[in-house]
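Colleague: What follows is the file input18.csv, containing CSV, C-alpha atoms and all ligand atoms:
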```
chain,number,residue,atom,x,y,z
A,4,MET,CA,-19.6,0.3,19.6
A,5,ILE,CA,-17.6,0.2,22.8
A,6,PRO,CA,-14.3,-1.7,22.5
A,7,ALA,CA,-13.3,-4.4,24.9
A,8,LYS,CA,-11.0,-3.3,27.7
A,9,PHE,CA,-7.3,-3.0,26.8
A,10,ASP,CA,-4.1,-1.6,28.2
A,11,TYR,CA,-2.3,1.2,26.4
A,12,VAL,CA,1.4,2.2,26.2
A,13,ARG,CA,3.0,5.0,24.2
A,14,PRO,CA,6.8,4.3,24.1
A,15,SER,CA,9.3,6.9,22.9
A,16,SER,CA,11.7,4.6,21.1
A,17,VAL,CA,11.5,1.7,18.7
A,18,ASN,CA,13.4,-0.6,21.2
A,19,ASP,CA,10.8,0.2,23.9
A,20,ALA,CA,8.0,-0.4,21.5
A,21,VAL,CA,9.4,-3.8,20.4
A,22,ARG,CA,9.9,-4.7,24.0
A,23,ALA,CA,6.3,-3.9,24.9
A,24,LEU,CA,5.1,-5.8,21.9
A,25,ALA,CA,7.2,-8.9,22.8
A,26,GLU,CA,6.0,-8.8,26.4
A,27,GLY,CA,2.4,-8.5,25.3
A,28,GLY,CA,2.7,-11.6,23.1
A,29,GLU,CA,-0.2,-12.5,20.8
A,30,ASP,CA,-2.5,-10.2,22.7
A,31,ALA,CA,-0.6,-7.0,21.8
A,32,LYS,CA,-1.1,-4.9,18.8
A,33,VAL,CA,0.7,-1.9,17.3
A,34,ILE,CA,-1.5,1.2,16.6
A,35,ALA,CA,-0.4,4.0,14.3
A,36,GLY,CA,-3.1,6.2,12.8
A,37,GLY,CA,-5.9,3.9,14.0
A,38,GLN,CA,-7.9,4.2,10.8
A,39,SER,CA,-8.2,0.4,10.3
A,40,LEU,CA,-7.6,-0.8,13.9
A,41,LEU,CA,-10.1,1.4,15.7
A,42,PRO,CA,-13.1,0.4,13.7
A,43,LEU,CA,-12.2,-3.3,14.3
A,44,LEU,CA,-12.0,-2.6,18.1
A,45,TRP,CA,-15.3,-0.8,18.1
A,46,LEU,CA,-17.0,-3.6,16.2
A,47,ARG,CA,-15.2,-6.1,18.5
A,48,LEU,CA,-13.8,-7.9,15.5
A,49,ALA,CA,-10.4,-7.5,17.3
A,50,TYR,CA,-9.8,-7.4,21.0
A,51,PRO,CA,-6.1,-7.0,21.8
A,52,GLU,CA,-5.3,-6.7,25.5
A,53,LEU,CA,-2.5,-4.2,24.9
A,54,LEU,CA,-2.1,-1.4,22.3
A,55,VAL,CA,1.4,-0.2,21.6
A,56,ASP,CA,1.0,3.3,20.2
A,57,LEU,CA,3.9,4.4,17.9
A,58,GLY,CA,2.8,8.1,18.0
A,59,SER,CA,5.6,9.4,20.3
A,60,ILE,CA,8.5,7.9,18.3
A,61,ASP,CA,9.5,11.1,16.4
A,62,GLY,CA,12.2,9.4,14.4
A,63,LEU,CA,9.6,7.4,12.5
A,64,ARG,CA,8.0,10.5,10.9
A,65,GLY,CA,8.8,11.8,7.5
A,66,VAL,CA,10.5,10.9,4.2
A,67,ARG,CA,14.3,10.5,4.1
A,68,ASP,CA,16.4,10.9,0.9
A,69,GLU,CA,19.0,8.1,1.1
A,70,GLY,CA,20.6,8.6,-2.3
A,71,GLY,CA,19.2,6.1,-4.7
A,72,THR,CA,16.2,5.3,-2.4
A,73,LEU,CA,13.7,7.0,-0.2
A,74,LEU,CA,12.8,5.8,3.3
A,75,ILE,CA,9.2,6.5,4.3
A,76,GLY,CA,9.0,6.3,8.1
A,77,ALA,CA,6.2,4.4,9.9
A,78,LEU,CA,4.3,7.5,11.1
A,79,THR,CA,4.3,9.2,7.7
A,80,THR,CA,0.7,9.7,6.7
A,81,HIS,CA,-1.0,9.7,3.3
A,82,ASP,CA,-1.4,13.4,3.6
A,83,ASP,CA,2.3,13.8,4.3
A,84,VAL,CA,3.4,12.0,1.2
A,85,MET,CA,1.0,14.0,-0.9
A,86,ARG,CA,2.8,17.2,0.1
A,87,ASP,CA,6.4,15.9,0.3
A,88,PRO,CA,8.7,17.6,-2.3
A,89,VAL,CA,11.1,14.6,-2.3
A,90,ILE,CA,8.3,12.2,-3.1
A,91,ALA,CA,7.0,14.5,-5.8
A,92,GLU,CA,10.4,14.7,-7.4
A,93,HIS,CA,11.5,11.1,-7.2
A,94,CYS,CA,8.4,8.8,-6.7
A,95,GLY,CA,5.3,10.7,-7.6
A,96,LEU,CA,3.3,7.5,-8.0
A,97,ILE,CA,3.0,7.2,-4.2
A,98,ALA,CA,1.5,10.7,-3.9
A,99,GLN,CA,-0.8,10.1,-6.8
A,100,ALA,CA,-2.2,6.9,-5.2
A,101,ALA,CA,-2.3,8.4,-1.7
A,102,ALA,CA,-4.4,11.3,-3.0
A,103,GLN,CA,-7.1,8.7,-4.0
A,104,VAL,CA,-7.4,7.1,-0.6
A,105,ALA,CA,-10.5,7.9,1.4
A,106,ASP,CA,-11.0,11.6,2.4
A,107,PRO,CA,-8.8,14.3,3.9
A,108,ALA,CA,-9.7,13.4,7.5
A,109,VAL,CA,-8.7,9.8,7.0
A,110,ARG,CA,-5.5,10.7,5.0
A,111,HIS,CA,-4.3,13.0,7.8
A,112,ARG,CA,-4.3,10.1,10.3
A,113,ALA,CA,-3.7,7.0,8.1
A,114,THR,CA,-0.1,6.0,7.7
A,115,ILE,CA,1.4,4.4,4.6
A,116,CYS,CA,3.1,1.7,6.8
A,117,GLY,CA,-0.3,1.1,8.5
A,118,ALA,CA,-1.8,0.4,5.1
A,119,LEU,CA,1.0,-2.0,4.3
A,120,ALA,CA,0.9,-3.8,7.6
A,121,HIS,CA,-2.9,-4.1,7.5
A,122,ALA,CA,-2.6,-5.7,4.1
A,123,ASP,CA,-6.1,-5.2,2.8
A,124,PRO,CA,-5.9,-6.5,-0.8
A,125,ALA,CA,-8.3,-3.7,-1.8
A,126,ALA,CA,-6.1,-1.0,-0.5
A,127,ASP,CA,-4.2,1.3,-2.9
A,128,LEU,CA,-0.7,1.6,-1.4
A,129,PRO,CA,0.1,-2.1,-1.2
A,130,ALA,CA,-0.4,-2.3,-5.0
A,131,VAL,CA,1.9,0.6,-5.4
A,132,ALA,CA,4.5,-1.0,-3.1
A,133,VAL,CA,4.6,-4.2,-5.2
A,134,ALA,CA,4.8,-2.2,-8.4
A,135,LEU,CA,7.8,-0.3,-7.0
A,136,ASP,CA,9.6,-3.4,-5.7
A,137,ALA,CA,9.6,-1.6,-2.3
A,138,THR,CA,11.4,-3.1,0.7
A,139,MET,CA,9.7,-3.2,4.1
A,140,ILE,CA,12.0,-2.5,7.1
A,141,ALA,CA,10.9,-4.5,10.2
A,142,HIS,CA,12.3,-4.3,13.7
A,143,GLY,CA,11.9,-7.1,16.2
A,144,PRO,CA,13.7,-8.4,19.3
A,145,GLY,CA,16.5,-9.8,17.1
A,146,GLY,CA,17.1,-6.4,15.3
A,147,GLU,CA,16.3,-5.1,11.9
A,148,ARG,CA,15.4,-7.1,8.7
A,149,ALA,CA,14.4,-6.1,5.2
A,150,ILE,CA,11.5,-7.9,3.5
A,151,ALA,CA,10.9,-7.5,-0.2
A,152,ALA,CA,7.3,-6.4,-1.1
A,153,SER,CA,7.0,-9.6,-3.1
A,154,ASP,CA,7.5,-11.6,0.1
A,155,PHE,CA,5.6,-9.4,2.4
A,156,PHE,CA,2.0,-10.0,1.6
A,157,ASP,CA,1.1,-13.5,2.6
A,158,ASP,CA,-2.7,-13.6,2.4
A,159,TYR,CA,-5.8,-11.6,3.1
A,160,LEU,CA,-4.9,-9.2,6.0
A,161,THR,CA,-1.8,-11.2,6.6
A,162,THR,CA,1.9,-10.3,6.2
A,163,ALA,CA,5.3,-11.7,6.9
A,164,LEU,CA,5.7,-9.5,10.0
A,165,ALA,CA,6.0,-11.5,13.1
A,166,ALA,CA,3.7,-10.6,16.1
A,167,ASP,CA,6.7,-9.0,17.9
A,168,GLU,CA,7.9,-7.0,14.9
A,169,ILE,CA,7.2,-3.3,14.0
A,170,LEU,CA,7.3,-2.0,10.5
A,171,THR,CA,9.5,1.0,11.0
A,172,GLY,CA,9.6,2.1,7.4
A,173,VAL,CA,9.3,1.3,3.7
A,174,ARG,CA,12.1,1.9,1.3
A,175,VAL,CA,11.3,2.7,-2.3
A,176,PRO,CA,13.6,3.3,-5.3
A,177,LYS,CA,13.9,6.7,-6.9
A,178,LEU,CA,12.5,6.6,-10.4
A,179,GLY,CA,15.3,7.6,-12.7
A,180,PRO,CA,15.1,9.4,-16.1
A,181,GLY,CA,12.6,8.0,-18.6
A,182,TRP,CA,10.3,6.5,-16.0
A,183,GLY,CA,6.6,7.5,-16.0
A,184,TYR,CA,3.8,6.4,-13.8
A,185,ARG,CA,0.0,6.3,-13.3
A,186,TYR,CA,-2.4,5.0,-10.6
A,187,GLU,CA,-5.8,4.2,-12.1
A,188,LYS,CA,-8.6,3.4,-9.5
A,189,PHE,CA,-12.1,2.3,-10.4
A,190,HIS,CA,-14.6,2.9,-7.5
A,191,ARG,CA,-18.3,3.4,-7.2
A,192,THR,CA,-18.0,6.9,-5.7
A,193,ALA,CA,-15.3,9.4,-5.1
A,194,GLN,CA,-13.4,8.4,-1.9
A,195,ALA,CA,-14.6,4.8,-1.9
A,196,TRP,CA,-12.4,1.7,-1.9
A,197,ALA,CA,-11.1,0.4,-5.2
A,198,ILE,CA,-13.2,-2.2,-7.0
A,199,VAL,CA,-9.9,-2.6,-8.9
A,200,GLY,CA,-6.8,-0.4,-8.7
A,201,VAL,CA,-3.8,-0.5,-11.1
A,202,ALA,CA,-0.4,1.1,-10.4
A,203,ALA,CA,1.8,1.2,-13.5
A,204,LEU,CA,5.4,2.3,-14.1
A,205,ALA,CA,6.9,2.4,-17.5
A,206,ARG,CA,10.4,3.4,-18.8
A,207,ARG,CA,10.3,4.8,-22.2
A,208,ALA,CA,13.2,4.8,-24.7
A,209,ASN,CA,13.2,5.5,-28.4
A,210,GLY,CA,9.4,5.6,-28.7
A,211,HIS,CA,9.1,2.1,-27.0
A,212,VAL,CA,8.4,0.8,-23.6
A,213,ALA,CA,11.8,-0.6,-22.4
A,214,GLU,CA,10.4,-1.8,-19.1
A,215,ALA,CA,7.0,-2.0,-17.3
A,216,ARG,CA,5.9,-2.8,-13.8
A,217,ILE,CA,2.3,-3.2,-12.8
A,218,GLY,CA,0.8,-3.8,-9.4
A,219,MET,CA,-2.9,-4.4,-8.9
A,220,ALA,CA,-5.3,-4.0,-6.0
A,221,ASN,CA,-8.3,-6.3,-5.4
A,222,MET,CA,-7.3,-8.9,-7.9
A,223,GLY,CA,-6.6,-11.6,-5.3
A,224,SER,CA,-6.1,-12.1,-1.6
A,225,VAL,CA,-2.9,-10.0,-1.9
A,226,PRO,CA,-1.7,-7.2,-4.1
A,227,VAL,CA,-0.4,-8.8,-7.3
A,228,ARG,CA,1.9,-8.0,-10.2
A,229,ALA,CA,0.6,-8.3,-13.7
A,230,ARG,CA,3.7,-10.2,-14.9
A,231,ALA,CA,2.3,-11.4,-18.3
A,232,ALA,CA,1.2,-7.8,-19.2
A,233,GLU,CA,4.6,-6.4,-18.1
A,234,ALA,CA,6.4,-8.9,-20.3
A,235,ALA,CA,4.0,-8.1,-23.3
A,236,ALA,CA,4.5,-4.3,-22.8
A,237,ALA,CA,8.3,-4.6,-22.6
A,238,GLY,CA,9.7,-3.8,-26.1
A,239,ALA,CA,6.2,-2.7,-27.4
A,240,GLU,CA,5.8,0.6,-29.2
A,241,ALA,CA,4.6,3.3,-26.8
A,242,SER,CA,1.3,3.6,-28.6
A,243,ARG,CA,-2.2,3.2,-27.2
A,244,ASP,CA,-3.0,0.3,-29.5
A,245,ALA,CA,0.1,-1.6,-28.7
A,246,LEU,CA,-0.3,-1.1,-24.9
A,247,ARG,CA,-4.0,-2.0,-25.1
A,248,SER,CA,-3.0,-5.3,-26.6
A,249,ALA,CA,-0.3,-5.9,-23.9
A,250,ALA,CA,-2.9,-5.1,-21.2
A,251,GLN,CA,-5.2,-7.9,-22.4
A,252,GLN,CA,-3.0,-10.2,-20.3
A,253,ALA,CA,-3.3,-8.1,-17.1
A,254,ASP,CA,-5.6,-10.6,-15.4
A,255,GLU,CA,-3.5,-13.6,-16.2
A,256,GLY,CA,-2.8,-15.7,-13.1
A,257,THR,CA,-5.1,-13.5,-10.9
A,258,ASN,CA,-7.9,-14.7,-8.6
A,259,PRO,CA,-10.2,-11.7,-8.1
A,260,PRO,CA,-12.9,-11.8,-5.5
A,261,ALA,CA,-16.6,-11.7,-6.3
A,262,ASP,CA,-18.8,-9.5,-4.1
A,263,LEU,CA,-21.6,-6.9,-4.1
A,264,HIS,CA,-19.4,-4.5,-6.0
A,265,GLY,CA,-18.5,-6.7,-8.9
A,266,ALA,CA,-18.2,-10.3,-10.2
A,267,ALA,CA,-14.8,-11.8,-10.7
A,268,ASP,CA,-15.1,-11.5,-14.5
A,269,TYR,CA,-16.0,-7.9,-14.2
A,270,ARG,CA,-12.8,-7.3,-12.2
A,271,ARG,CA,-10.8,-9.1,-14.8
A,272,HIS,CA,-12.3,-6.8,-17.4
A,273,LEU,CA,-11.5,-3.7,-15.3
A,274,ALA,CA,-7.9,-4.9,-14.8
A,275,ARG,CA,-7.4,-5.0,-18.5
A,276,VAL,CA,-9.0,-1.6,-19.2
A,277,LEU,CA,-7.3,0.1,-16.3
A,278,THR,CA,-3.9,-1.4,-17.2
A,279,ALA,CA,-4.2,-0.1,-20.8
A,280,ARG,CA,-5.0,3.4,-19.5
A,281,ALA,CA,-2.3,3.4,-16.9
A,282,LEU,CA,0.4,2.1,-19.2
A,283,ALA,CA,-0.6,4.7,-21.9
A,284,VAL,CA,-0.2,7.6,-19.4
A,285,ALA,CA,3.0,6.1,-17.8
A,286,SER,CA,4.7,5.7,-21.1
A,287,GLY,CA,3.5,9.0,-22.6
A,288,ALA,CA,1.7,7.1,-25.4
B,301,LIG,C1,-13.4,5.8,6.0
B,301,LIG,C2,-12.2,5.1,5.5
B,301,LIG,C3,-12.0,5.0,4.1
B,301,LIG,C4,-10.8,4.3,3.7
B,301,LIG,N1,-10.6,4.3,2.3
B,301,LIG,C5,-9.5,3.7,1.8
B,301,LIG,C6,-9.3,3.7,0.4
B,301,LIG,O1,-10.0,4.2,-0.4
B,301,LIG,N2,-8.1,3.1,0.0
B,301,LIG,C7,-7.2,2.5,0.9
B,301,LIG,O2,-6.2,2.0,0.4
B,301,LIG,N3,-7.4,2.5,2.2
B,301,LIG,C8,-8.6,3.1,2.7
B,301,LIG,N4,-8.8,3.2,4.0
B,301,LIG,C9,-7.8,2.5,4.9
B,301,LIG,C10,-6.7,3.3,5.4
B,301,LIG,O3,-5.8,3.6,4.3
B,301,LIG,C11,-6.0,2.5,6.4
B,301,LIG,O4,-6.9,2.4,7.5
B,301,LIG,C12,-4.8,3.2,7.0
B,301,LIG,O5,-3.8,3.5,6.0
B,301,LIG,C13,-4.1,2.3,8.0
B,301,LIG,O6,-3.0,3.0,8.6
B,301,LIG,P1,-3.2,3.4,10.1
B,301,LIG,O7,-1.9,4.2,10.4
B,301,LIG,O8,-4.4,4.1,10.4
B,301,LIG,O9,-3.1,2.0,10.8
B,301,LIG,P2,-3.8,1.4,12.1
B,301,LIG,O10,-5.3,1.4,12.0
B,301,LIG,O11,-3.2,2.1,13.3
B,301,LIG,O12,-3.3,-0.1,12.0
B,301,LIG,C14,-3.7,-1.0,11.1
B,301,LIG,C15,-3.1,-2.4,11.3
B,301,LIG,O13,-1.7,-2.3,10.9
B,301,LIG,C16,-0.9,-2.6,12.1
B,301,LIG,N5,0.2,-1.6,12.1
B,301,LIG,C17,0.0,-0.2,11.8
B,301,LIG,N6,1.2,0.3,11.8
B,301,LIG,C18,2.1,-0.7,12.0
B,301,LIG,C19,3.5,-0.7,12.0
B,301,LIG,N7,4.3,0.4,11.8
B,301,LIG,N8,4.1,-1.9,12.3
B,301,LIG,C20,3.4,-3.0,12.5
B,301,LIG,N9,2.1,-3.0,12.4
B,301,LIG,C21,1.4,-1.9,12.2
B,301,LIG,C22,-1.8,-2.5,13.3
B,301,LIG,O14,-1.5,-3.3,14.3
B,301,LIG,C23,-3.2,-2.9,12.7
B,301,LIG,O15,-3.2,-4.3,12.6
B,301,LIG,C24,-9.9,3.8,4.6
B,301,LIG,C25,-10.1,3.9,5.9
B,301,LIG,C26,-11.2,4.5,6.4
B,301,LIG,C27,-11.4,4.7,7.9
```
How does the structure come out when it is put into structure tokens?
Ligand SMILES: Cc1cc2nc3c(=O)[nH]c(=O)nc-3n(C[C@H](O)[C@H](O)[C@H](O)COP(=O)(O)OP(=O)(O)OC[C@H]3O[C@@H](n4cnc5c(N)ncnc54)[C@H](O)[C@@H]3O)c2cc1C

Modeller:
Amino acid sequence: MIPAKFDYVRPSSVNDAVRALAEGGEDAKVIAGGQSLLPLLWLRLAYPELLVDLGSIDGLRGVRDEGGTLLIGALTTHDDVMRDPVIAEHCGLIAQAAAQVADPAVRHRATICGALAHADPAADLPAVAVALDATMIAHGPGGERAIAASDFFDDYLTTALAADEILTGVRVPKLGPGWGYRYEKFHRTAQAWAIVGVAALARRANGHVAEARIGMANMGSVPVRARAAEAAAAGAEASRDALRSAAQQADEGTNPPADLHGAADYRRHLARVLTARALAVASGA
């Protein structure tokens, strides 16, 4: 439980952090809340030679209202978004999902961007990010670039971020009138990781679902969209029966893992059940 030796820097600007990361090369790692990285160091599953701590870059903390979108800075924790009035007003799905992550001690340290950069397919916020069509903001030696959530998650614990890039924030759209949302998480015990998680958004108009977006956790090596169920829900009556029928397609095209917590078929079943529940609440059925 003693990590291998490493150097540590705590820059006060994004440019200095990017420079330190670039100089450290493949052996350098960003650290934010440390909730995923520190256990890996203790277990010696990771042994970076340099840690670049973002903790002193004040500009990366908090949620900024940009008009049609919200920018969640890299140091914003799960606890921060749970209490943020702008998130509550415009994108409550993020707060609802964050409240189901781990326990208060973890949520006070764990950042939203850290969860996205770590890219554990069982994590809750990556599924929310794909449902929201979020945009990741990355900074590297060449400047800033935006990466759509659909292009960000490459594989298990792997993203499109280059080794010398920092995720400085995630941009999410404000949910306009008519949109509802729900995060449904099935886990063995309160505060445990999701066996399957479903983030649903639905826009209701004239008693029907005009548009639906569904992101799922732990249904593959990356967070996935339930595209077939979204298409089936669009135009459907906002009733529990109609949405249960649409949700039957939630597992289409997925490749869920099998482990001690559940077989792949069990996860497929959970995806259908949780999607039906989440769509019903999101659409007010
Ligand atoms: C006991 C426990 C229970 C948990 N339960 C859940 C759960 O139920 N659901 C869930 O979704 N998650 C759960 N988690 C995971 C937790 O949400 C993540 O550990 C946390 O969000 C990661 O953020 P962090 O700031 O701590 O990242 P760190 O641990 O600091 O970093 C994680 C990884 O991301 C990289 N990274 C971090 N920030 C950036 C950045 N800005 N730019 C580039 N790379 C970056 C790091 O280099 C590292 O590879 C749990 C964790 C613990 C310890």

Colleague: Do you have, as JSON lines, the list of residues of chain A lying at most 7 Å from ligand LIG 301 (chain B), each with its nearest atom pair and that distance in Å to one decimal, counting all atoms listed in the file and ordered by chain then number?

Modeller:
```
{"residue": "A:Lys32", "atom": "CA", "partner": "B:LIG301", "partner_atom": "O14", "distance": 4.8}
{"residue": "A:Val33", "atom": "CA", "partner": "B:LIG301", "partner_atom": "O14", "distance": 4.0}
{"residue": "A:Ile34", "atom": "CA", "partner": "B:LIG301", "partner_atom": "O11", "distance": 3.8}
{"residue": "A:Ala35", "atom": "CA", "partner": "B:LIG301", "partner_atom": "O11", "distance": 3.5}
{"residue": "A:Gly36", "atom": "CA", "partner": "B:LIG301", "partner_atom": "O7", "distance": 3.3}
{"residue": "A:Gly37", "atom": "CA", "partner": "B:LIG301", "partner_atom": "O10", "distance": 3.3}
{"residue": "A:Gln38", "atom": "CA", "partner": "B:LIG301", "partner_atom": "O8", "distance": 3.5}
{"residue": "A:Ser39", "atom": "CA", "partner": "B:LIG301", "partner_atom": "O10", "distance": 3.5}
{"residue": "A:Leu40", "atom": "CA", "partner": "B:LIG301", "partner_atom": "O10", "distance": 3.7}
{"residue": "A:Leu41", "atom": "CA", "partner": "B:LIG301", "partner_atom": "O10", "distance": 6.1}
{"residue": "A:Ala77", "atom": "CA", "partner": "B:LIG301", "partner_atom": "N7", "distance": 4.8}
{"residue": "A:Gln103", "atom": "CA", "partner": "B:LIG301", "partner_atom": "O1", "distance": 6.5}
{"residue": "A:Val104", "atom": "CA", "partner": "B:LIG301", "partner_atom": "O1", "distance": 3.9}
{"residue": "A:Ala105", "atom": "CA", "partner": "B:LIG301", "partner_atom": "N1", "distance": 3.7}
{"residue": "A:Asp106", "atom": "CA", "partner": "B:LIG301", "partner_atom": "C3", "distance": 6.9}
{"residue": "A:Val109", "atom": "CA", "partner": "B:LIG301", "partner_atom": "C27", "distance": 5.8}
{"residue": "A:Arg112", "atom": "CA", "partner": "B:LIG301", "partner_atom": "O8", "distance": 6.0}
{"residue": "A:Ala113", "atom": "CA", "partner": "B:LIG301", "partner_atom": "O8", "distance": 3.8}
{"residue": "A:Thr114", "atom": "CA", "partner": "B:LIG301", "partner_atom": "O7", "distance": 3.7}
{"residue": "A:Ile115", "atom": "CA", "partner": "B:LIG301", "partner_atom": "O5", "distance": 5.5}
{"residue": "A:Cys116", "atom": "CA", "partner": "B:LIG301", "partner_atom": "N7", "distance": 5.3}
{"residue": "A:Gly117", "atom": "CA", "partner": "B:LIG301", "partner_atom": "O6", "distance": 3.3}
{"residue": "A:Ala118", "atom": "CA", "partner": "B:LIG301", "partner_atom": "O5", "distance": 3.8}
{"residue": "A:Ala120", "atom": "CA", "partner": "B:LIG301", "partner_atom": "O13", "distance": 4.5}
{"residue": "A:His121", "atom": "CA", "partner": "B:LIG301", "partner_atom": "O13", "distance": 4.0}
{"residue": "A:Ala125", "atom": "CA", "partner": "B:LIG301", "partner_atom": "O2", "distance": 6.5}
{"residue": "A:Ala126", "atom": "CA", "partner": "B:LIG301", "partner_atom": "O2", "distance": 3.1}
{"residue": "A:Asp127", "atom": "CA", "partner": "B:LIG301", "partner_atom": "O2", "distance": 3.9}
{"residue": "A:Leu128", "atom": "CA", "partner": "B:LIG301", "partner_atom": "O2", "distance": 5.8}
{"residue": "A:Glu168", "atom": "CA", "partner": "B:LIG301", "partner_atom": "C20", "distance": 6.5}
{"residue": "A:Ile169", "atom": "CA", "partner": "B:LIG301", "partner_atom": "N8", "distance": 3.8}
{"residue": "A:Leu170", "atom": "CA", "partner": "B:LIG301", "partner_atom": "N8", "distance": 3.7}
{"residue": "A:Thr171", "atom": "CA", "partner": "B:LIG301", "partner_atom": "N7", "distance": 5.3}
{"residue": "A:Gln194", "atom": "CA", "partner": "B:LIG301", "partner_atom": "O1", "distance": 5.6}
{"residue": "A:Ala195", "atom": "CA", "partner": "B:LIG301", "partner_atom": "O1", "distance": 4.9}
{"residue": "A:Trp196", "atom": "CA", "partner": "B:LIG301", "partner_atom": "O1", "distance": 3.8}
{"residue": "A:Ala197", "atom": "CA", "partner": "B:LIG301", "partner_atom": "O1", "distance": 6.2}
```

Colleague: Next, write the just-selected residues to a file, as an mmCIF file, in the frame of the given file, keeping C-alpha atoms as the atom set.

Modeller:
```
data_model
loop_
_atom_site.group_PDB
_atom_site.id
_atom_site.type_symbol
_atom_site.label_atom_id
_atom_site.label_comp_id
_atom_site.auth_asym_id
_atom_site.auth_seq_id
_atom_site.Cartn_x
_atom_site.Cartn_y
_atom_site.Cartn_z
ATOM 1 C CA LYS A 32 -1.100 -4.900 18.800
ATOM 2 C CA VAL A 33 0.700 -1.900 17.300
ATOM 3 C CA ILE A 34 -1.500 1.200 16.600
ATOM 4 C CA ALA A 35 -0.400 4.000 14.300
ATOM 5 C CA GLY A 36 -3.100 6.200 12.800
ATOM 6 C CA GLY A 37 -5.900 3.900 14.000
ATOM 7 C CA GLN A 38 -7.900 4.200 10.800
ATOM 8 C CA SER A 39 -8.200 0.400 10.300
ATOM 9 C CA LEU A 40 -7.600 -0.800 13.900
ATOM 10 C CA LEU A 41 -10.100 1.400 15.700
ATOM 11 C CA ALA A 77 6.200 4.400 9.900
ATOM 12 C CA GLN A 103 -7.100 8.700 -4.000
ATOM 13 C CA VAL A 104 -7.400 7.100 -0.600
ATOM 14 C CA ALA A 105 -10.500 7.900 1.400
ATOM 15 C CA ASP A 106 -11.000 11.600 2.400
ATOM 16 C CA VAL A 109 -8.700 9.800 7.000
ATOM 17 C CA ARG A 112 -4.300 10.100 10.300
ATOM 18 C CA ALA A 113 -3.700 7.000 8.100
ATOM 19 C CA THR A 114 -0.100 6.000 7.700
ATOM 20 C CA ILE A 115 1.400 4.400 4.600
ATOM 21 C CA CYS A 116 3.100 1.700 6.800
ATOM 22 C CA GLY A 117 -0.300 1.100 8.500
ATOM 23 C CA ALA A 118 -1.800 0.400 5.100
ATOM 24 C CA ALA A 120 0.900 -3.800 7.600
ATOM 25 C CA HIS A 121 -2.900 -4.100 7.500
ATOM 26 C CA ALA A 125 -8.300 -3.700 -1.800
ATOM 27 C CA ALA A 126 -6.100 -1.000 -0.500
ATOM 28 C CA ASP A 127 -4.200 1.300 -2.900
ATOM 29 C CA LEU A 128 -0.700 1.600 -1.400
ATOM 30 C CA GLU A 168 7.900 -7.000 14.900
ATOM 31 C CA ILE A 169 7.200 -3.300 14.000
ATOM 32 C CA LEU A 170 7.300 -2.000 10.500
ATOM 33 C CA THR A 171 9.500 1.000 11.000
ATOM 34 C CA GLN A 194 -13.400 8.400 -1.900
ATOM 35 C CA ALA A 195 -14.600 4.800 -1.900
ATOM 36 C CA TRP A 196 -12.400 1.700 -1.900
ATOM 37 C CA ALA A 197 -11.100 0.400 -5.200
#
```

Colleague: Please list as JSON, numbers by chain every residue within 10 Å of region 141-147 of chain A, counting all atoms listed in the file and excluding residues in the same chain fewer than 2 positions away.

Modeller: {"A": [17, 18, 20, 21, 22, 24, 25, 138, 139, 149, 150, 163, 164, 165, 166, 167, 168, 169, 170, 171, 172, 173]}

Colleague: Do a neighbour search on Ser153 (chain A) at 8 Å with only C-alpha atoms, toss out local chain neighbours closer than 3 positions, and write the hits as a list in words.

Modeller: Val133, Asp136 and Phe156 of chain A

Colleague: Could you list, with a cut-off of 9 Å and counting only C-alpha atoms, the residues of region 59-80 of chain A near region 86-94 of chain A, each shown with its nearest atom pair and the distance in Å rounded to one decimal, rows sorted by chain and ascending number, as JSON lines?

Modeller:
```
{"residue": "A:Gly65", "atom": "CA", "partner": "A:Asp87", "partner_atom": "CA", "distance": 8.6}
{"residue": "A:Val66", "atom": "CA", "partner": "A:Val89", "partner_atom": "CA", "distance": 7.5}
{"residue": "A:Arg67", "atom": "CA", "partner": "A:Val89", "partner_atom": "CA", "distance": 8.2}
{"residue": "A:Asp68", "atom": "CA", "partner": "A:Val89", "partner_atom": "CA", "distance": 7.2}
{"residue": "A:Thr72", "atom": "CA", "partner": "A:His93", "partner_atom": "CA", "distance": 8.9}
{"residue": "A:Leu73", "atom": "CA", "partner": "A:Ile90", "partner_atom": "CA", "distance": 8.0}
```

Colleague: Residues within 9 Å of Val12 (chain A), please, as a list in words. Count only C-alpha atoms; anything in the same chain fewer than 2 positions from it doesn't count.

Modeller: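 Non-adjacent residues within range: Asp10, Pro14, Ala20, Ala23, Leu53, Leu54, Val55, Asp56 and Leu57 of chain A.
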
Colleague: Can you tell me, as a list in words, what residues are no more than 10 Å from Glu52 (chain A) when counting only C-alpha atoms, ignoring any on the same chain fewer than 3 positions away?

Modeller: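 What passes the distance filter is Ala7, Lys8, Phe9, Asp10, Tyr11, Gly27, Gly28, Glu29, Asp30, Ala31, Lys32 and Ala49 of chain A.
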
Colleague: When you look at Ala215 (chain A) with a cut-off of 7 Å (counting all atoms listed in the file), what residues show up, excluding the ones that are within fewer than 6 positions of it in the same chain? I need them as a list in words.

Modeller: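 Counting only the stated atoms, we get Leu204, Ala205, Arg206, Glu233, Ala236 and Ala237 of chain A.
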
Colleague: Please tell me which residues are no farther than 10 Å from (-6.0, 6.2, -25.9) in the file, counting all atoms listed in the file, and write them as a list in words.

Modeller: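 Counting all atoms listed in the file, I find these residues within 10 Å of (-6.0, 6.2, -25.9): Ser242, Arg243, Asp244, Leu246, Arg247, Ala279, Arg280, Ala283, Val284 and Ala288 of chain A.
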
Colleague: Quote the spacing between CA of Gly76 (chain A) and CA of Leu119 (chain A) in Å to one decimal place.

Modeller: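 According to the coordinates, CA of Gly76 (chain A) and CA of Leu119 (chain A) are separated by 12.1 Å.
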